[in-house]
$ cat query_8.csv   # CSV, C-alpha atoms and all ligand atoms
chain,number,residue,atom,x,y,z
A,1,MET,CA,0.0,0.0,0.0
A,2,THR,CA,1.3,3.4,-0.9
A,3,ILE,CA,1.2,6.1,1.7
A,4,GLY,CA,-0.1,9.4,0.6
A,5,ASN,CA,2.5,12.1,1.3
A,6,ASN,CA,0.2,14.8,-0.1
A,7,ARG,CA,-1.1,15.9,3.3
A,8,PRO,CA,-2.9,19.2,2.8
A,9,GLN,CA,-1.1,22.1,4.5
A,10,LEU,CA,-2.8,24.0,7.3
A,11,PRO,CA,-3.5,27.7,6.5
A,12,LYS,CA,-1.2,30.1,8.4
A,13,SER,CA,-4.2,31.4,10.4
A,14,LEU,CA,-4.9,27.9,11.8
A,15,LEU,CA,-1.3,27.3,12.7
A,16,LYS,CA,-1.4,30.6,14.6
A,17,LYS,CA,-4.7,29.7,16.2
A,18,ARG,CA,-3.3,26.3,17.4
A,19,LYS,CA,-0.2,28.1,18.8
A,20,MET,CA,-2.3,30.6,20.6
A,21,ASN,CA,-4.6,27.9,22.1
A,22,ILE,CA,-1.5,26.1,23.5
A,23,ILE,CA,0.0,29.3,24.8
A,24,ILE,CA,-3.3,30.4,26.5
A,25,ARG,CA,-3.8,27.0,28.0
A,26,VAL,CA,-0.2,26.7,29.4
A,27,THR,CA,-0.2,30.4,30.6
A,28,SER,CA,-3.5,30.1,32.4
A,29,CYS,CA,-2.2,26.9,34.0
A,30,CYS,CA,0.9,28.6,35.3
A,31,ILE,CA,-1.1,31.6,36.6
A,32,LEU,CA,-3.6,29.4,38.4
A,33,PHE,CA,-0.8,27.3,39.8
A,34,ALA,CA,0.9,30.4,41.1
A,35,LEU,CA,-2.3,31.7,42.6
A,36,PHE,CA,-3.2,28.4,44.2
A,37,LEU,CA,0.3,28.1,45.6
A,38,PHE,CA,0.1,31.6,47.0
A,39,ALA,CA,-3.3,30.8,48.6
A,40,ILE,CA,-1.8,27.7,50.3
A,41,ILE,CA,1.2,29.7,51.6
A,42,MET,CA,-1.0,32.5,52.8
A,43,TRP,CA,-4.1,30.8,54.0
A,44,GLY,CA,-3.3,27.1,54.0
A,45,GLU,CA,-4.2,26.6,57.6
A,46,ARG,CA,-7.5,28.3,57.1
A,47,ILE,CA,-8.4,26.5,53.9
A,48,PHE,CA,-7.6,23.1,55.4
A,49,PRO,CA,-8.2,23.6,59.1
A,50,MET,CA,-6.8,20.8,61.3
A,51,PRO,CA,-7.7,20.0,64.9
A,52,GLN,CA,-5.9,22.3,67.3
A,53,TYR,CA,-3.7,19.6,68.8
A,54,THR,CA,-2.9,17.9,65.6
A,55,PRO,CA,-1.3,14.5,65.9
A,56,LYS,CA,1.7,14.0,63.7
A,57,SER,CA,-0.2,11.6,61.4
A,58,PHE,CA,-2.6,14.4,60.4
A,59,VAL,CA,0.3,16.2,58.7
A,60,ALA,CA,0.2,13.6,56.0
A,61,VAL,CA,-3.6,14.2,55.5
A,62,GLN,CA,-2.9,18.0,55.3
A,63,ILE,CA,-0.1,17.5,52.8
A,64,GLY,CA,-2.5,15.2,50.8
A,65,CYS,CA,-5.1,18.0,50.8
A,66,TYR,CA,-2.5,20.4,49.5
A,67,VAL,CA,-1.4,18.1,46.7
A,68,ILE,CA,-5.0,17.5,45.6
A,69,PHE,CA,-5.7,21.2,45.7
A,70,MET,CA,-2.6,21.9,43.6
A,71,THR,CA,-3.8,19.5,40.9
A,72,LEU,CA,-6.9,21.6,40.3
A,73,PRO,CA,-5.1,24.1,38.0
A,74,PHE,CA,-4.1,21.1,35.8
A,75,LEU,CA,-7.7,19.7,35.8
A,76,ILE,CA,-9.2,23.1,35.0
A,77,THR,CA,-6.9,24.0,32.2
A,78,GLY,CA,-6.4,20.5,30.8
A,79,VAL,CA,-2.6,20.7,30.9
A,80,PRO,CA,-1.0,18.4,29.9
A,81,VAL,CA,-3.9,15.9,29.1
A,82,LYS,CA,-5.5,18.1,26.4
A,83,LEU,CA,-2.2,18.9,24.8
A,84,ILE,CA,-1.4,15.2,24.2
A,85,ASP,CA,-2.5,14.7,20.6
A,86,SER,CA,-0.9,13.9,17.3
A,87,SER,CA,-1.3,14.4,13.6
A,88,TRP,CA,-1.9,11.3,11.6
A,89,SER,CA,-3.7,10.0,8.5
A,90,GLY,CA,-5.4,6.9,7.5
A,91,VAL,CA,-8.2,5.3,5.4
A,92,VAL,CA,-11.8,4.8,6.6
A,93,SER,CA,-12.6,1.1,6.6
A,94,ASN,CA,-16.1,1.2,8.2
A,95,VAL,CA,-18.8,3.7,9.1
A,96,ASP,CA,-21.3,3.0,11.8
A,97,VAL,CA,-23.9,4.9,13.8
A,98,GLU,CA,-24.0,4.7,17.6
A,99,ASP,CA,-26.8,5.9,19.9
A,100,SER,CA,-26.1,7.1,23.4
A,101,ILE,CA,-27.3,9.6,26.1
A,102,GLY,CA,-25.3,12.8,26.0
A,103,THR,CA,-24.9,15.4,28.8
A,104,PHE,CA,-24.7,19.1,28.4
A,105,TYR,CA,-24.5,21.9,30.9
A,106,ARG,CA,-26.9,24.8,31.0
A,107,ALA,CA,-26.5,28.1,32.9
A,108,PHE,CA,-25.2,27.6,36.5
A,109,GLY,CA,-23.9,24.2,35.7
A,110,ARG,CA,-27.3,22.5,35.6
A,111,PRO,CA,-26.9,19.3,33.6
A,112,GLY,CA,-29.3,18.3,30.9
A,113,THR,CA,-29.3,15.1,28.8
A,114,TYR,CA,-30.1,14.5,25.2
A,115,ASP,CA,-30.3,11.7,22.7
A,116,ARG,CA,-26.9,11.6,21.1
A,117,GLN,CA,-25.9,9.9,17.9
A,118,ASP,CA,-22.4,9.5,16.7
A,119,LEU,CA,-21.0,8.6,13.4
A,120,ILE,CA,-18.3,6.1,14.3
A,121,LEU,CA,-15.5,5.6,11.9
A,122,THR,CA,-13.1,2.6,11.9
A,123,ILE,CA,-9.9,3.9,10.5
A,124,LYS,CA,-6.8,2.0,9.4
A,125,LYS,CA,-3.9,4.4,10.2
A,126,ASP,CA,-0.9,4.6,8.0
A,127,ASN,CA,1.2,3.1,10.8
A,128,GLY,CA,-1.0,0.0,10.6
A,129,LYS,CA,-3.0,0.6,13.8
A,130,VAL,CA,-6.8,0.3,13.5
A,131,ILE,CA,-8.8,2.8,15.6
A,132,THR,CA,-12.5,3.7,16.1
A,133,ARG,CA,-13.4,7.3,16.5
A,134,SER,CA,-16.5,9.5,16.6
A,135,ALA,CA,-16.4,11.8,13.5
A,136,VAL,CA,-19.7,13.5,13.9
A,137,SER,CA,-21.8,13.9,17.0
A,138,VAL,CA,-25.3,15.1,16.5
A,139,GLY,CA,-26.7,17.1,19.4
A,140,GLU,CA,-23.4,18.5,20.2
A,141,ARG,CA,-23.5,22.3,20.3
A,142,TYR,CA,-21.4,24.2,17.9
A,143,LYS,CA,-19.4,27.0,19.6
A,144,LEU,CA,-21.7,29.9,19.5
A,145,LYS,CA,-21.5,33.1,21.4
A,146,VAL,CA,-22.7,32.7,24.9
A,147,SER,CA,-25.8,34.8,24.2
A,148,ASP,CA,-26.7,32.7,21.2
A,149,ARG,CA,-26.4,29.4,22.9
A,150,PRO,CA,-29.6,27.4,22.6
A,151,PRO,CA,-31.0,25.8,25.7
A,152,ILE,CA,-30.7,22.3,24.0
A,153,PRO,CA,-27.8,21.0,21.9
A,154,THR,CA,-27.9,21.6,18.2
A,155,PRO,CA,-30.6,19.5,16.8
A,156,GLY,CA,-29.7,17.4,13.8
A,157,LYS,CA,-30.2,14.0,12.2
A,158,ILE,CA,-27.4,11.6,11.9
A,159,THR,CA,-28.9,10.6,8.5
A,160,ASP,CA,-27.8,14.1,7.2
A,161,HIS,CA,-24.2,13.0,7.9
A,162,LEU,CA,-24.1,9.5,6.6
A,163,ASN,CA,-22.3,10.6,3.4
A,164,ASP,CA,-19.8,12.8,5.2
A,165,TYR,CA,-17.3,10.0,5.4
A,166,LYS,CA,-17.3,7.0,3.1
A,167,ILE,CA,-15.4,3.8,3.2
A,168,GLY,CA,-12.1,4.3,1.4
A,169,ASP,CA,-11.9,8.0,2.2
A,170,ARG,CA,-8.4,9.1,3.2
A,171,VAL,CA,-8.7,11.2,6.4
A,172,TYR,CA,-6.3,13.6,8.0
A,173,LYS,CA,-6.1,14.5,11.7
A,174,TYR,CA,-4.2,17.6,12.6
A,175,TYR,CA,-2.6,18.1,16.0
A,176,GLY,CA,-4.8,20.3,18.1
A,177,PHE,CA,-7.9,20.1,15.9
A,178,LYS,CA,-10.9,18.0,16.7
A,179,TYR,CA,-12.4,17.2,13.3
A,180,LEU,CA,-11.0,14.9,10.6
A,181,TYR,CA,-10.4,16.3,7.2
A,182,VAL,CA,-11.1,14.6,3.9
A,183,VAL,CA,-9.7,16.0,0.7
A,184,PRO,CA,-12.9,16.6,-1.4
A,185,SER,CA,-13.1,14.6,-4.6
A,186,ASP,CA,-14.4,16.1,-7.9
A,187,GLU,CA,-17.9,14.8,-7.1
A,188,ASP,CA,-17.9,16.2,-3.5
A,189,ASP,CA,-19.5,19.6,-3.1
A,190,LYS,CA,-18.7,19.9,0.6
A,191,LYS,CA,-15.6,20.2,2.8
A,192,ARG,CA,-15.3,20.0,6.5
A,193,CYS,CA,-14.0,22.7,8.9
A,194,ILE,CA,-11.5,21.0,11.2
A,195,VAL,CA,-12.2,23.5,13.9
A,196,CYS,CA,-15.9,23.3,14.4
A,197,GLY,CA,-16.9,20.4,12.1
A,198,LEU,CA,-19.3,22.2,9.9
A,199,ASN,CA,-19.5,20.9,6.3
A,200,ASN,CA,-19.0,23.9,4.1
A,201,ASP,CA,-19.5,24.5,0.4
A,202,LYS,CA,-16.3,23.3,-1.3
A,203,HIS,CA,-15.6,26.7,-2.8
A,204,ARG,CA,-15.7,28.7,0.4
A,205,ASP,CA,-12.5,30.0,2.0
A,206,LYS,CA,-13.9,30.6,5.4
A,207,CYS,CA,-16.2,28.5,7.6
A,208,LEU,CA,-19.8,29.7,7.7
A,209,ASN,CA,-20.0,28.9,11.4
A,210,CYS,CA,-16.7,29.8,13.0
A,211,TYR,CA,-15.1,32.0,10.3
A,212,CYS,CA,-11.9,30.1,10.5
A,213,ASP,CA,-10.0,29.5,7.3
A,214,LEU,CA,-10.8,26.3,5.5
A,215,ILE,CA,-8.1,23.9,4.2
A,301,ZN,ZN,-15.8,26.1,11.4

$ encode --input "query_8.csv" --output "structure tokens"
Amino acid sequence: MTIGNNRPQLPKSLLKKRKMNIIIRVTSCCILFALFLFAIIMWGERIFPMPQYTPKSFVAVQIGCYVIFMTLPFLITGVPVKLIDSSWSGVVSNVDVEDSIGTFYRAFGRPGTYDRQDLILTIKKDNGKVITRSAVSVGERYKLKVSDRPPIPTPGKITDHLNDYKIGDRVYKYYGFKYLYVVPSDEDDKKRCIVCGLNNDKHRDKCLNCYCDLI
């Protein structure tokens, strides 16, 4: 099997966007870490009050609390978990639909559930590994401005997406971007935004939903 080396280049604006996302994430993690550390040094005894005549064994509990507290900046900002990603390419070997219950959060963190449908791709990567991955999730909200966010996830039918990826399609994953890209063939009239996942008209330069440059 020949391996396609013609991986489409990312537009400069997307390279910049990716770089900025990483910088913002790492910077906010550092700032939060510094603030949390400062809070422990200044008010540690007040945040985690211990009985007045603390036995020695309680010191371990207190240190444990500090350690858990100091992992919060990493959990909040997703560093490094959300930065572990890679670019790869492969060929779709199967397309399937999976039903599940999705959760989303409304104002003040109130959770809501919805019927979620995912288009599950089985992909044979160029390195030989076979993976399954959700390529389209119906019900998932697109990133709208806070004021425009609907109270329920974006409605949609998975049947509208069954032709988004076909068996035999060569797909490209770019580090830091969620959605897989397929080079549109001559018959295709759509191409996918790798930032928000919207299928745009093939001739568009910018995504109709998030205004990012399209590949
Ligand atoms: Zn987009």

$ residues_around --input "query_8.csv" --residues "region 91-107 of chain A" --least-positions-apart "4" --cutoff "10 Å" --atoms "only C-alpha atoms" --output "JSON, numbers by chain"
{"A": [111, 112, 113, 114, 115, 116, 117, 118, 119, 120, 121, 122, 123, 124, 125, 126, 130, 131, 132, 133, 134, 135, 136, 137, 138, 139, 140, 141, 146, 149, 150, 151, 152, 153, 158, 159, 162, 163, 164, 165, 166, 167, 168, 169, 170, 171, 172, 182]}

$ closest_residue --input "query_8.csv" --among "A:Gly109, A:Lys129, A:Val61, A:Leu14" --to "ligand ZN 301 (chain A)" --atoms "all atoms listed in the file"
A:Leu14

$ residues_around --input "query_8.csv" --residues "Cys207 (chain A)" --least-positions-apart "3" --cutoff "10 Å" --atoms "only C-alpha atoms" --output "list in words"
Lys191, Arg192, Cys193, Ile194, Val195, Cys196, Gly197, Leu198, Asn199, Asn200, Asp201, Arg204, Cys210, Tyr211, Cys212, Asp213, Leu214 and Ile215 of chain A

$ atom_distance --input "query_8.csv" --atom1 "CA of Pro11 (chain A)" --atom2 "CA of Val183 (chain A)"
14.5 Å

$ closest_residue --input "query_8.csv" --among "A:Asp188, A:Phe48, A:Lys178, A:Ser57" --to "ligand ZN 301 (chain A)" --atoms "only C-alpha atoms and all ligand atoms"
A:Lys178

$ atom_distance --input "query_8.csv" --atom1 "CA of Arg18 (chain A)" --atom2 "CA of Gly90 (chain A)"
21.9 Å

$ atom_distance --input "query_8.csv" --atom1 "CA of Leu32 (chain A)" --atom2 "CA of Pro49 (chain A)"
22.0 Å

$ closest_residue --input "query_8.csv" --among "A:Met70, A:Pro51, A:Asp85, A:Ile41" --to "Tyr174 (chain A)" --atoms "all atoms listed in the file"
A:Asp85

$ closest_residue --input "query_8.csv" --among "A:Ile23, A:Leu208, A:Cys30, A:Leu10" --to "Leu83 (chain A)" --atoms "all atoms listed in the file"
A:Ile23

$ decode --input "query_8.csv" --residues "region 26-89 of chain A" --atoms "C-alpha atoms" --output "mmCIF file, in the first residue's frame"
data_model
loop_
_atom_site.group_PDB
_atom_site.id
_atom_site.type_symbol
_atom_site.label_atom_id
_atom_site.label_comp_id
_atom_site.auth_asym_id
_atom_site.auth_seq_id
_atom_site.Cartn_x
_atom_site.Cartn_y
_atom_site.Cartn_z
ATOM 1 C CA VAL A 26 -0.213 26.742 29.405
ATOM 2 C CA THR A 27 -0.157 30.371 30.570
ATOM 3 C CA SER A 28 -3.467 30.072 32.402
ATOM 4 C CA CYS A 29 -2.246 26.857 34.015
ATOM 5 C CA CYS A 30 0.912 28.622 35.255
ATOM 6 C CA ILE A 31 -1.071 31.598 36.558
ATOM 7 C CA LEU A 32 -3.600 29.393 38.353
ATOM 8 C CA PHE A 33 -0.805 27.253 39.782
ATOM 9 C CA ALA A 34 0.937 30.372 41.130
ATOM 10 C CA LEU A 35 -2.333 31.708 42.597
ATOM 11 C CA PHE A 36 -3.206 28.393 44.238
ATOM 12 C CA LEU A 37 0.299 28.075 45.649
ATOM 13 C CA PHE A 38 0.071 31.608 46.988
ATOM 14 C CA ALA A 39 -3.315 30.758 48.578
ATOM 15 C CA ILE A 40 -1.825 27.722 50.327
ATOM 16 C CA ILE A 41 1.178 29.654 51.614
ATOM 17 C CA MET A 42 -0.976 32.539 52.842
ATOM 18 C CA TRP A 43 -4.129 30.786 54.018
ATOM 19 C CA GLY A 44 -3.273 27.088 53.972
ATOM 20 C CA GLU A 45 -4.203 26.599 57.623
ATOM 21 C CA ARG A 46 -7.535 28.304 57.084
ATOM 22 C CA ILE A 47 -8.421 26.479 53.858
ATOM 23 C CA PHE A 48 -7.648 23.094 55.393
ATOM 24 C CA PRO A 49 -8.185 23.591 59.139
ATOM 25 C CA MET A 50 -6.769 20.839 61.296
ATOM 26 C CA PRO A 51 -7.709 20.026 64.894
ATOM 27 C CA GLN A 52 -5.883 22.270 67.337
ATOM 28 C CA TYR A 53 -3.670 19.588 68.846
ATOM 29 C CA THR A 54 -2.850 17.902 65.589
ATOM 30 C CA PRO A 55 -1.292 14.484 65.908
ATOM 31 C CA LYS A 56 1.716 13.952 63.654
ATOM 32 C CA SER A 57 -0.240 11.580 61.401
ATOM 33 C CA PHE A 58 -2.560 14.423 60.422
ATOM 34 C CA VAL A 59 0.311 16.220 58.729
ATOM 35 C CA ALA A 60 0.191 13.591 55.990
ATOM 36 C CA VAL A 61 -3.551 14.249 55.540
ATOM 37 C CA GLN A 62 -2.892 17.961 55.343
ATOM 38 C CA ILE A 63 -0.132 17.516 52.753
ATOM 39 C CA GLY A 64 -2.458 15.214 50.813
ATOM 40 C CA CYS A 65 -5.107 17.972 50.767
ATOM 41 C CA TYR A 66 -2.522 20.445 49.501
ATOM 42 C CA VAL A 67 -1.441 18.080 46.742
ATOM 43 C CA ILE A 68 -5.046 17.485 45.607
ATOM 44 C CA PHE A 69 -5.663 21.241 45.737
ATOM 45 C CA MET A 70 -2.586 21.875 43.592
ATOM 46 C CA THR A 71 -3.753 19.459 40.891
ATOM 47 C CA LEU A 72 -6.851 21.618 40.307
ATOM 48 C CA PRO A 73 -5.074 24.081 37.952
ATOM 49 C CA PHE A 74 -4.130 21.122 35.751
ATOM 50 C CA LEU A 75 -7.666 19.705 35.789
ATOM 51 C CA ILE A 76 -9.234 23.096 35.035
ATOM 52 C CA THR A 77 -6.902 24.008 32.154
ATOM 53 C CA GLY A 78 -6.430 20.494 30.751
ATOM 54 C CA VAL A 79 -2.631 20.730 30.883
ATOM 55 C CA PRO A 80 -1.034 18.432 29.871
ATOM 56 C CA VAL A 81 -3.872 15.946 29.069
ATOM 57 C CA LYS A 82 -5.537 18.083 26.411
ATOM 58 C CA LEU A 83 -2.182 18.894 24.816
ATOM 59 C CA ILE A 84 -1.376 15.243 24.211
ATOM 60 C CA ASP A 85 -2.496 14.743 20.634
ATOM 61 C CA SER A 86 -0.911 13.922 17.320
ATOM 62 C CA SER A 87 -1.257 14.413 13.600
ATOM 63 C CA TRP A 88 -1.945 11.304 11.596
ATOM 64 C CA SER A 89 -3.657 10.045 8.496
#
